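The structure under discussion appears below in the form of structure tokens.
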Amino acid sequence: MGLLDKEFSDGNVVIAKVDDLFNWARLSSVWQLGFGLACCAIEMMATSASHYDFDRFGVIPRNTPRQADAIIISGTVTLKMATRIKRLYEQIPDPKYIISMGSCANCGGPYWEHGYHVLKGIDRVIPVDVYVPGCPPRPEALLEGLLKLQEKIRNESLRKKTV
Amino acid sequence: MALKTETMILNMGPQHPSTHGVLRLELELDGELIVNVKPHIGYLHRCFEKHAEAMSYPQVIPYTDRMDYLASMYNNFGYVIAVEKLLGIQVPERVEYIRVIMGELQRIASHLVAIGTNGLDIGAFTPFLYLFRDREKILSLFEMTCGARLLYNYMWVGGLSHDIHPDFVRLTKEFINYFRPTITELNNLLTFNKIFIERTANIGVLPLDTAINYGVTGPSLRGSGLAFDIRKEDTYSIYDRFDFEIPVGQGLVGTVGDSWDRYYVRILEMEQSLRIIEQAIDQIPDGDVKAAIPKRIKPPKGTVYTRVENPRGELGYFIISDGNLNPFRVKVRAPSFVNLEVFGELCKGHLVADVIAILGSIDIVLGEVDR
Amino acid sequence: MYQFLFNLSGSEIIATIFTAAVILVFILLFVLFAVWFERKVSAHMQDRLGPMRVGWHGVLQTIADFVKMLQKEDIIATEADRKLYTIAPVLVFTGSFAAYAAIPFSSKLLGSEVEVGIFYLLAVSSFVVAGILMAGWSSNNKYSLLGAMRSAAQIVSYEIPTALVVLSIVMLTGTLSLEKISQLQTAYFWNWNIFGGPEFSLAKFLLIPFMFVGFLIIYISTLAEVNRTPFDIPEAESELVAGYFTEYCGMKWAMFMLSEYANMFAVSAIVTILFFGGYQSPFGYLGNSIGAEWLVPFEQAFWFIAKGIFFVFVQMWLRWTLPRLRVDQLMTVCWKYLIPYAFLNLIIVGFISLL
Amino acid sequence: MKNPEEIFELLKKEFPEAILGIDKEAPTEPIILIDPPQIKTISLFLRDNPELRFDSLMVLSGVDDANGTKVKDEDGTDVISGGTLSVYYHLHSVYLKHKITLKVSTPRGNPQVESVYNVWRTSDWHEREAFDMYGIIFLNHPDLRRILMPYDWNAGYPLRKDYKNPEFYQGMKVPY
């Protein structure tokens with residue numbers, strides 16, 4: 001997703017090493033957009049706070065989307081909010097990642113049936129990399145979501161995918 | 001001669017570090033002075049009232065959790081009291097005691113977040129994390145009781161979902177002993193910090209008559225100097241058995257009703273909550289916590305309005321029953337919703353930096369504002 | 001250093017470039033260290049661990065951040081003023097980098113022996129204001145604009161108390177050269193200016209309290225000049241999102257961070273030179289006592305950087321303890337308290353030095 | 001401190017036409033029924049009378065009584081026609097410590113109630129919410145806009161019992 005991604009067709013050693021370095025850098029410094037929506041935001045705050053400490057993984061909240069790498073959709077997305085989230089997503093420079101945290105962001109959660117004002121899943125608006133289930137997910141679950149995201153980043157490449 | 005200047009509209013939120021969620025404030029600025037504030041809400045409107053009409057009475061309880069997600073226990077509490085009043089059932093003594101203890105623990109946990117975020121808005125990052133660390137201890141008490149950290153679905157109509165753990169009483173006492181000195185530490189670190197006082201004293205003064213006319217309740221009203229607490233005023237459950245005081249704002253460092261007073265009332269309230277827990281924890285009678293749970297909850301036709309003292313103020317449930325399994329209408333009087341109304345009034349004439357100090361001191365939870 | 005290289009190569013250009021390169025490398029290394037250090041300091045103050053996953057206790061964290069930022073897309077908003085927007089971070093960094101030219105790291109390692117070093121430092125450090133204003137204006141973002149306005153007002157105001165305190169030291173030492181000021185405070189720590197300077201007389205003891213006042217004033221105002229808590233109002237995370245660099249991303253933003261941390265060390269260096277003996281060791285030199293004179297400059301550099309980092313640490317300590325002031329209170333502190341006290345201090349120091 | 005019956009008697013004496021009756025059917029508290037256009041006058045009286053001093057509006061709730069007749073509209077779904085929408089006012093007095101509930105009912109076709117914005121400022125957002133959710137028009141409210149739903153929401157009033165959710169809003173699919 002970065003500027004150079006899939007720009008190179010042949011996979012030589014240099015590219016492979018650069019790949020490793022770039023991926024390592026990306027995955028060790030996933031800065032999240034400091035932004036909470038609903039109940040899950042409190043668990044997200046708890047994850048950043050002393051007991052669980054997101055900073056161990058290099059995750060720090062940045063308040064402006066321009067300096068963030070990942071956005072954690074922490075809670076119910078309403079129709080009124082969805083357009084704003086889309087805009088925030090567009091403001092983040094590439095490469096960017098989305099963690100959908102909690103049932104509401106995944107699929108509407110408990111509001112799936114009668115929620116006339118709830119968007120049933122953030123993936124209807126923006127692409128999601130990792131889904132973290134739970135209502136709300138425990139901080140451990142969010143940490144696991146981050147580890148999954150890191151795993152995903154580790155397998156990214158500058159090489160063009162050949163079929 | 002005064003220079004004619006134009007005002008500037010500044011949008012704060014819905015994504016902003018200190019709007020406590022997805023509140024959007026439309027500030028009209030003259031330089032950095034606030035001319036007018038228009039709050040826009042509804043970014044977290046999750047249709048609670050529609051869900052309540054579509055669900056049976058017990059099924060509504062999990063949705064009440066998700067309204068004020070910082071004080072879920074208390075939302076359960078208010079709702080089950082309303083339904084019990086409609087049904088006319090009496091819950092066992094043991095249940096009452098456990099409910100009160102849980103409710104007061106929840107009040108402390110909620111105030112910890114309120115105080116922490118108020119400090120965070122003013123730039124004090126470290127106290128916020130200290131308070132989250134202490135809150136973690138309360139959450140683990142809840143977790144050992146009902147298995148959830150944040151949204152509990154613990155209080156059921158006529159009882160509780162689980163009995164308390166055998167270690168609960170011991171650990172709660174340990175927590176009380178741990179927590180008392182923490183309040184002193186917090187006072188030293190933040191409350192009486194000169195800069196913090198400078199930032200909050202005389203800022204956002206809420207006069208008592210305005211507060212009453214706007215329907216402000218909870219610590220925000222008490223900060224203005226009126227000892228109005230529904231636990232005493234319109235007592236419910238077994239609060240009349242405990243000895244506690246209602247702290248009010250006295251204008252220790254500024255005017256009565258300023259941001260600092262609202263903040264300090266919360267700190268004093270945490271101490272009172274500890275007192276209530278201390279009194280209640282030793283008296284929990286034996287018994288079954290599920291004895292009074294009815295098989296089928298089908299209240300008679302009628303209406304009921306009950307109110308409880310949520311950490312943020314008066315939480316009211318207005319339930320209309322048409323005699324069916326589902327409520328006909330549930331209207332929630334959310335304290336944050338009402339308290340936020342007065343916000344525009346408080347901000348006028350202050351600076352941009354004060355807006356967040358005031359917002360932090362009235363302590364809103366957007367889940368409850370928008371429901 | 002410049003002299004040494006000049007003698008070695010015989011070319012001014014090579015000597016200049018090499019000296020500049022050494023200082024640039026120092027700044028980069030220092031920033032890499034300082035960002036990691038800040039995160040660790042804040043974490044340990046807050047009962048956390050801080051970065052743990054990359055390298056030993058996360059020492060590689062800043063490198064990872066840096067490499068990541070290299071890869072980030074460079075967004076310039078359509079409505080932004082492209083030219084100013086691009087120049088601003090460069091200008092800000094140039095300002096803070098230029099300041100290092102006059103800072104004596106040791107008796108041998110200094111970029112340029114300017115006779116008016118302290119004057120140069122004060123002049124160059126206000127260069128940053130222009131860059132910040134540019135950044136705020138060109139971003140075309142209201143938060144940026146507010147942040148830049150606040151920042152300009154703040155930096156310009158706080159230069160006055162700084163200059164007044166500097167003036168009192170200049171009066172005492174009779175020189176504008178940072179190198180000479182450092183040299184004067186030689187040998188042991190009781191010769192430092194904070195303890196009244198090297199001359200052993202009645203004036204020395206009379207000066208001590210006023211030197212402490214001077215030190216406090218200059219430390220507070222330099223804190224404000226580098227926008228650190230409790231004066232981090234231009235960036236005020238919870239009010240202005242990220243202040244004047246709200247719209248910046250990737251490497252451009254990294255340059256702002258680079259200059260912020262470089263500035264932190266620069267102002268700590270000024271405080272060290274003026275009051276804490278500059279590069280002088282507090283207890284004499286190991287090199288002198290074992291007869292290895294080539295060791296002395298290295299020892300001096302060590303002491304200088306150690307003192308600098310200590311003051312940087314104090315800045316971090318304050319940042320993670322205190323809330324932040326409001327913009328009008330910030331001005332009140334400066335104009336109503338610091339400047340009058342600095343004036344008074346200046347007059348008293350002047351009288352005492354006449355004794 | 002007065003009980004609701006006493007307050008009812010007092011009001012009945014003062015405003016014989018505007019007070020429509022008292023509903024004691026509710027198990028907990030009786031409800032005083034009021035004529036919609038008169039609600040503001042009565043509210044002012046309740047607030048300013050020294051014996052009553054209802055200085056605080058606890059909650060204002062709109063309710064769809066759903067007491068009309070159900071008819072099928074063109075696409076075959078049930079629509080309620082006729083009947084009433086109601087507004088409940090829960091008042092209490094901070095100083096005298098008594099409570100009372102008022103109710104006004106207004107026809108569903110043209111729901112109009114006098115606003116009590118100038119009596120209790122609490123009602124500002126509550127009235128906007130009732131308008132947002134039920135479409136009840138509060139006359140003389142200075143700023144009657146939608147509050148919780150988006151300003152451009154045009155699919156009706158969500159808490160009415162015959163509300164139908166739209167398929168799309170701004171290109172986003174609404175149903176699950």
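Labeling convention for the structure tokens: chains A, B, ... as they appear, residues from 1 per chain, ligands from 1 in order of appearance.
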- Task: List every residue of segment 10-149 of chain A that DSSP, applied to the backbone, labels as alpha helix (DSSP H), and write the result as a PyMOL selection string.
- Result: chain A and resi 13-28+39-48+79-91+102-107+139-149
- Message: What's around Phe337 of chain B at 8 Å? Count only C-alpha atoms, leave out sequence neighbours fewer than 4 positions away in its own chain, and write the answer as a PyMOL selection string.
- Response: chain B and resi 333+341+364+368-370
Would you save the residues from that selection as a PDB file, in the first residue's frame, using N, CA, C and O atoms?
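Writing the result to out_24.pdb gives the following:
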```pdb
ATOM      1  N   ARG B 333     -34.087   9.354  30.687  1.00  0.00           N
ATOM      2  CA  ARG B 333     -33.628  10.711  30.976  1.00  0.00           C
ATOM      3  C   ARG B 333     -32.140  10.581  31.258  1.00  0.00           C
ATOM      4  O   ARG B 333     -31.719  10.183  32.338  1.00  0.00           O
ATOM      5  N   GLU B 341     -26.621  20.381  27.682  1.00  0.00           N
ATOM      6  CA  GLU B 341     -27.377  21.526  27.176  1.00  0.00           C
ATOM      7  C   GLU B 341     -26.840  22.843  27.705  1.00  0.00           C
ATOM      8  O   GLU B 341     -26.830  23.847  27.019  1.00  0.00           O
ATOM      9  N   ILE B 364     -19.320  14.284  30.265  1.00  0.00           N
ATOM     10  CA  ILE B 364     -20.389  13.648  29.502  1.00  0.00           C
ATOM     11  C   ILE B 364     -19.918  12.314  28.960  1.00  0.00           C
ATOM     12  O   ILE B 364     -18.726  12.092  28.787  1.00  0.00           O
ATOM     13  N   GLU B 368     -24.537   8.065  26.167  1.00  0.00           N
ATOM     14  CA  GLU B 368     -25.744   8.383  26.899  1.00  0.00           C
ATOM     15  C   GLU B 368     -26.416   9.624  26.333  1.00  0.00           C
ATOM     16  O   GLU B 368     -27.638   9.731  26.329  1.00  0.00           O
ATOM     17  N   VAL B 369     -25.605  10.546  25.855  1.00  0.00           N
ATOM     18  CA  VAL B 369     -26.181  11.748  25.259  1.00  0.00           C
ATOM     19  C   VAL B 369     -27.021  11.356  24.042  1.00  0.00           C
ATOM     20  O   VAL B 369     -28.137  11.826  23.860  1.00  0.00           O
ATOM     21  N   ASP B 370     -26.472  10.485  23.240  1.00  0.00           N
ATOM     22  CA  ASP B 370     -27.152  10.132  21.991  1.00  0.00           C
ATOM     23  C   ASP B 370     -28.054   8.911  22.121  1.00  0.00           C
ATOM     24  O   ASP B 370     -28.965   8.747  21.342  1.00  0.00           O
TER      25      ASP B 370
END
```
Would you write out, as JSON lines, a table of all residues in segment 185-293 of chain C that have an atom no more than 12 Å from an atom of segment 131-151 of chain C, listing for each the closest atom pair and the distance in Å to one decimal, considering only C-alpha atoms and ordering rows by chain and rising residue number?
```
{"residue": "C:Ala224", "atom": "CA", "partner": "C:Ser151", "partner_atom": "CA", "distance": 9.3}
{"residue": "C:Glu225", "atom": "CA", "partner": "C:Ser151", "partner_atom": "CA", "distance": 8.6}
{"residue": "C:Val226", "atom": "CA", "partner": "C:Ser151", "partner_atom": "CA", "distance": 9.5}
{"residue": "C:Asn227", "atom": "CA", "partner": "C:Ser151", "partner_atom": "CA", "distance": 7.7}
{"residue": "C:Arg228", "atom": "CA", "partner": "C:Ser151", "partner_atom": "CA", "distance": 11.2}
{"residue": "C:Phe231", "atom": "CA", "partner": "C:Ser151", "partner_atom": "CA", "distance": 9.7}
{"residue": "C:Asp232", "atom": "CA", "partner": "C:Ser151", "partner_atom": "CA", "distance": 8.8}
{"residue": "C:Ile233", "atom": "CA", "partner": "C:Arg150", "partner_atom": "CA", "distance": 7.1}
{"residue": "C:Pro234", "atom": "CA", "partner": "C:Gly147", "partner_atom": "CA", "distance": 4.3}
{"residue": "C:Glu235", "atom": "CA", "partner": "C:Gly147", "partner_atom": "CA", "distance": 6.3}
{"residue": "C:Ala236", "atom": "CA", "partner": "C:Gly147", "partner_atom": "CA", "distance": 8.1}
{"residue": "C:Glu237", "atom": "CA", "partner": "C:Gly147", "partner_atom": "CA", "distance": 10.3}
{"residue": "C:Ser238", "atom": "CA", "partner": "C:Tyr143", "partner_atom": "CA", "distance": 11.4}
{"residue": "C:Glu239", "atom": "CA", "partner": "C:Tyr143", "partner_atom": "CA", "distance": 8.7}
{"residue": "C:Leu240", "atom": "CA", "partner": "C:Tyr143", "partner_atom": "CA", "distance": 5.3}
{"residue": "C:Val241", "atom": "CA", "partner": "C:Tyr143", "partner_atom": "CA", "distance": 7.1}
{"residue": "C:Ala242", "atom": "CA", "partner": "C:Ser144", "partner_atom": "CA", "distance": 7.7}
{"residue": "C:Gly243", "atom": "CA", "partner": "C:Gly147", "partner_atom": "CA", "distance": 4.4}
{"residue": "C:Tyr244", "atom": "CA", "partner": "C:Ser144", "partner_atom": "CA", "distance": 3.8}
{"residue": "C:Phe245", "atom": "CA", "partner": "C:Ser144", "partner_atom": "CA", "distance": 6.3}
{"residue": "C:Thr246", "atom": "CA", "partner": "C:Ser144", "partner_atom": "CA", "distance": 5.9}
{"residue": "C:Glu247", "atom": "CA", "partner": "C:Ser139", "partner_atom": "CA", "distance": 6.1}
{"residue": "C:Tyr248", "atom": "CA", "partner": "C:Ser139", "partner_atom": "CA", "distance": 8.0}
{"residue": "C:Cys249", "atom": "CA", "partner": "C:Ser139", "partner_atom": "CA", "distance": 11.5}
{"residue": "C:Lys252", "atom": "CA", "partner": "C:Ala135", "partner_atom": "CA", "distance": 10.5}
{"residue": "C:Trp253", "atom": "CA", "partner": "C:Ala135", "partner_atom": "CA", "distance": 10.6}
{"residue": "C:Met255", "atom": "CA", "partner": "C:Gly131", "partner_atom": "CA", "distance": 11.6}
{"residue": "C:Phe256", "atom": "CA", "partner": "C:Ile132", "partner_atom": "CA", "distance": 9.3}
{"residue": "C:Ser259", "atom": "CA", "partner": "C:Gly131", "partner_atom": "CA", "distance": 11.0}
{"residue": "C:Glu260", "atom": "CA", "partner": "C:Ile132", "partner_atom": "CA", "distance": 11.3}
```
Using only C-alpha atoms, determine which residues lie at most 7 Å from segment 95-108 of chain B, disregarding the query and same-chain residues fewer than 5 positions distant; provide the list as a PDB file with N, CA and C atoms, in the first residue's frame.
```
ATOM      1  N   ALA B  71     -20.664   3.691  33.302  1.00  0.00           N
ATOM      2  CA  ALA B  71     -21.395   3.368  34.528  1.00  0.00           C
ATOM      3  C   ALA B  71     -22.483   2.339  34.231  1.00  0.00           C
ATOM      4  N   MET B  73     -23.181  -0.599  35.454  1.00  0.00           N
ATOM      5  CA  MET B  73     -23.879  -1.177  36.590  1.00  0.00           C
ATOM      6  C   MET B  73     -25.045  -0.290  37.001  1.00  0.00           C
ATOM      7  N   TYR B  74     -24.781   1.006  36.981  1.00  0.00           N
ATOM      8  CA  TYR B  74     -25.815   1.902  37.457  1.00  0.00           C
ATOM      9  C   TYR B  74     -26.965   1.999  36.473  1.00  0.00           C
ATOM     10  N   ILE B 138     -10.846  -2.031  40.173  1.00  0.00           N
ATOM     11  CA  ILE B 138     -12.299  -2.167  40.325  1.00  0.00           C
ATOM     12  C   ILE B 138     -12.837  -3.088  39.252  1.00  0.00           C
ATOM     13  N   GLY B 159     -33.282  -9.714  40.717  1.00  0.00           N
ATOM     14  CA  GLY B 159     -32.114 -10.396  41.273  1.00  0.00           C
ATOM     15  C   GLY B 159     -30.843 -10.004  40.562  1.00  0.00           C
ATOM     16  N   LEU B 160     -29.907 -10.952  40.564  1.00  0.00           N
ATOM     17  CA  LEU B 160     -28.614 -10.705  39.942  1.00  0.00           C
ATOM     18  C   LEU B 160     -28.282 -11.890  39.060  1.00  0.00           C
ATOM     19  N   SER B 237     -33.750   1.648  46.684  1.00  0.00           N
ATOM     20  CA  SER B 237     -33.006   0.493  47.184  1.00  0.00           C
ATOM     21  C   SER B 237     -32.835   0.654  48.700  1.00  0.00           C
ATOM     22  N   ILE B 238     -31.609   0.512  49.234  1.00  0.00           N
ATOM     23  CA  ILE B 238     -31.465   0.592  50.682  1.00  0.00           C
ATOM     24  C   ILE B 238     -30.525   1.720  51.063  1.00  0.00           C
ATOM     25  N   MET B 270     -16.072  10.240  45.803  1.00  0.00           N
ATOM     26  CA  MET B 270     -15.425   8.918  45.819  1.00  0.00           C
ATOM     27  C   MET B 270     -15.198   8.480  47.265  1.00  0.00           C
ATOM     28  N   SER B 273     -18.433   7.288  48.636  1.00  0.00           N
ATOM     29  CA  SER B 273     -18.756   5.961  48.112  1.00  0.00           C
ATOM     30  C   SER B 273     -17.993   4.888  48.875  1.00  0.00           C
ATOM     31  N   ILE B 277     -19.563   1.688  50.855  1.00  0.00           N
ATOM     32  CA  ILE B 277     -19.143   0.298  50.628  1.00  0.00           C
ATOM     33  C   ILE B 277     -18.672  -0.305  51.940  1.00  0.00           C
ATOM     34  N   ALA B 280     -21.595  -1.283  53.939  1.00  0.00           N
ATOM     35  CA  ALA B 280     -22.436  -2.337  53.377  1.00  0.00           C
ATOM     36  C   ALA B 280     -21.732  -3.681  53.346  1.00  0.00           C
ATOM     37  N   ILE B 284     -23.673  -7.842  54.419  1.00  0.00           N
ATOM     38  CA  ILE B 284     -24.372  -8.611  53.376  1.00  0.00           C
ATOM     39  C   ILE B 284     -25.000  -9.854  54.002  1.00  0.00           C
ATOM     40  N   VAL B 289     -29.590 -15.049  45.373  1.00  0.00           N
ATOM     41  CA  VAL B 289     -29.715 -13.816  44.607  1.00  0.00           C
ATOM     42  C   VAL B 289     -30.683 -13.952  43.439  1.00  0.00           C
ATOM     43  N   PRO B 311     -23.558   8.172  38.348  1.00  0.00           N
ATOM     44  CA  PRO B 311     -22.395   9.030  38.601  1.00  0.00           C
ATOM     45  C   PRO B 311     -22.465  10.386  37.924  1.00  0.00           C
TER      46      PRO B 311
END
```
- Query: Counting only C-alpha atoms, what is within 8 Å of segment 127-140 of chain A, bar same-chain residues fewer than 4 positions away, as an NGL selection string?
  - Reply: (:A and (39-40 or 43-44 or 46-47 or 52 or 97-104 or 106 or 109 or 122-123 or 144-145 or 148-149)) or (:B and (149-151))
Would you mind exporting N, CA, C and O atoms of the selected residues as a tab-separated table (two decimals), in the first residue's frame?
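Final file, selection.tsv:
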```tsv
chain	number	residue	atom	x	y	z
A	39	CYS	N	-18.32	2.41	23.41
A	39	CYS	CA	-17.85	1.63	24.56
A	39	CYS	C	-16.45	1.07	24.34
A	39	CYS	O	-15.60	1.11	25.22
A	40	CYS	N	-16.21	0.57	23.12
A	40	CYS	CA	-14.91	-0.04	22.85
A	40	CYS	C	-13.78	0.95	23.04
A	40	CYS	O	-12.65	0.56	23.33
A	43	GLU	N	-12.21	0.57	26.30
A	43	GLU	CA	-11.28	-0.55	26.36
A	43	GLU	C	-10.02	-0.24	25.58
A	43	GLU	O	-8.93	-0.68	25.95
A	44	MET	N	-10.16	0.55	24.53
A	44	MET	CA	-8.96	0.95	23.78
A	44	MET	C	-8.08	1.84	24.65
A	44	MET	O	-6.86	1.70	24.67
A	46	ALA	N	-8.05	1.73	27.88
A	46	ALA	CA	-7.46	0.85	28.88
A	46	ALA	C	-6.26	0.12	28.30
A	46	ALA	O	-5.27	-0.14	29.00
A	47	THR	N	-6.33	-0.20	27.01
A	47	THR	CA	-5.20	-0.87	26.38
A	47	THR	C	-3.99	0.04	26.30
A	47	THR	O	-2.86	-0.41	26.45
A	52	TYR	N	-2.02	-2.42	30.42
A	52	TYR	CA	-1.78	-3.22	29.20
A	52	TYR	C	-0.71	-2.61	28.30
A	52	TYR	O	0.03	-3.31	27.66
A	97	TYR	N	-3.77	1.23	7.77
A	97	TYR	CA	-4.40	-0.03	8.17
A	97	TYR	C	-5.61	0.24	9.03
A	97	TYR	O	-5.66	1.23	9.75
A	98	ILE	N	-6.56	-0.65	8.97
A	98	ILE	CA	-7.79	-0.49	9.77
A	98	ILE	C	-7.95	-1.70	10.67
A	98	ILE	O	-7.87	-2.84	10.21
A	99	ILE	N	-8.17	-1.45	11.94
A	99	ILE	CA	-8.58	-2.52	12.84
A	99	ILE	C	-10.02	-2.23	13.21
A	99	ILE	O	-10.34	-1.17	13.72
A	100	SER	N	-10.88	-3.18	12.95
A	100	SER	CA	-12.27	-3.02	13.32
A	100	SER	C	-12.44	-3.68	14.68
A	100	SER	O	-12.24	-4.88	14.83
A	101	MET	N	-12.74	-2.87	15.68
A	101	MET	CA	-12.74	-3.39	17.04
A	101	MET	C	-14.17	-3.54	17.53
A	101	MET	O	-14.93	-2.58	17.56
A	102	GLY	N	-14.52	-4.75	17.89
A	102	GLY	CA	-15.82	-4.98	18.50
A	102	GLY	C	-16.90	-5.33	17.50
A	102	GLY	O	-16.82	-5.03	16.32
A	103	SER	N	-17.92	-5.99	18.02
A	103	SER	CA	-18.99	-6.48	17.16
A	103	SER	C	-19.67	-5.38	16.37
A	103	SER	O	-20.03	-5.56	15.22
A	104	CYS	N	-19.87	-4.23	17.01
A	104	CYS	CA	-20.60	-3.16	16.33
A	104	CYS	C	-19.88	-2.75	15.06
A	104	CYS	O	-20.50	-2.56	14.02
A	106	ASN	N	-17.73	-4.54	13.47
A	106	ASN	CA	-17.63	-5.67	12.55
A	106	ASN	C	-18.91	-5.85	11.75
A	106	ASN	O	-18.87	-6.04	10.55
A	109	GLY	N	-23.24	-5.54	15.51
A	109	GLY	CA	-23.34	-6.03	16.88
A	109	GLY	C	-24.78	-6.18	17.34
A	109	GLY	O	-25.65	-6.60	16.57
A	122	ILE	N	-18.36	-1.61	9.54
A	122	ILE	CA	-17.60	-0.51	8.95
A	122	ILE	C	-17.05	-0.91	7.60
A	122	ILE	O	-16.74	-0.06	6.77
A	123	ASP	N	-16.99	-2.21	7.31
A	123	ASP	CA	-16.46	-2.63	6.00
A	123	ASP	C	-17.40	-2.28	4.86
A	123	ASP	O	-17.05	-2.47	3.70
A	144	GLU	N	-4.08	-8.81	20.59
A	144	GLU	CA	-3.97	-9.88	19.61
A	144	GLU	C	-4.29	-9.38	18.21
A	144	GLU	O	-3.64	-9.76	17.24
A	145	GLY	N	-5.29	-8.51	18.12
A	145	GLY	CA	-5.62	-7.92	16.82
A	145	GLY	C	-4.43	-7.20	16.24
A	145	GLY	O	-4.13	-7.31	15.05
A	148	LYS	N	-1.97	-9.66	14.94
A	148	LYS	CA	-2.41	-10.19	13.63
A	148	LYS	C	-2.10	-9.18	12.53
A	148	LYS	O	-1.68	-9.56	11.44
A	149	LEU	N	-2.31	-7.92	12.84
A	149	LEU	CA	-2.01	-6.88	11.85
A	149	LEU	C	-0.53	-6.88	11.52
A	149	LEU	O	-0.12	-6.79	10.36
B	149	ARG	N	-15.71	-6.98	31.91
B	149	ARG	CA	-14.93	-5.85	32.40
B	149	ARG	C	-15.67	-4.53	32.28
B	149	ARG	O	-15.46	-3.62	33.07
B	150	LEU	N	-16.48	-4.42	31.26
B	150	LEU	CA	-17.03	-3.10	30.99
B	150	LEU	C	-18.56	-3.10	30.97
B	150	LEU	O	-19.19	-2.27	31.58
B	151	LEU	N	-19.13	-4.03	30.25
B	151	LEU	CA	-20.58	-4.09	30.12
B	151	LEU	C	-21.04	-5.38	30.78
B	151	LEU	O	-20.69	-6.45	30.33
```
- Query: Which residues, written as an MDAnalysis selection string, have at least one atom at most 12 Å from Met58 of chain D, with only C-alpha atoms counted and residues fewer than 3 positions away on the same chain left out?
  - Reply: (chainID B and resid 212:217 305:307 313:318 331:335 337:339) or (chainID D and resid 54:55 61 88:94 98:102 120:123 126)
- Specify as a VMD selection string all residues of chain A found within 7 Å of chain C, counting only C-alpha atoms. chain A and resid 2 to 3 22 25 to 26 28 to 29 50 53 55 to 58 63 to 64 66 to 67 93 to 95
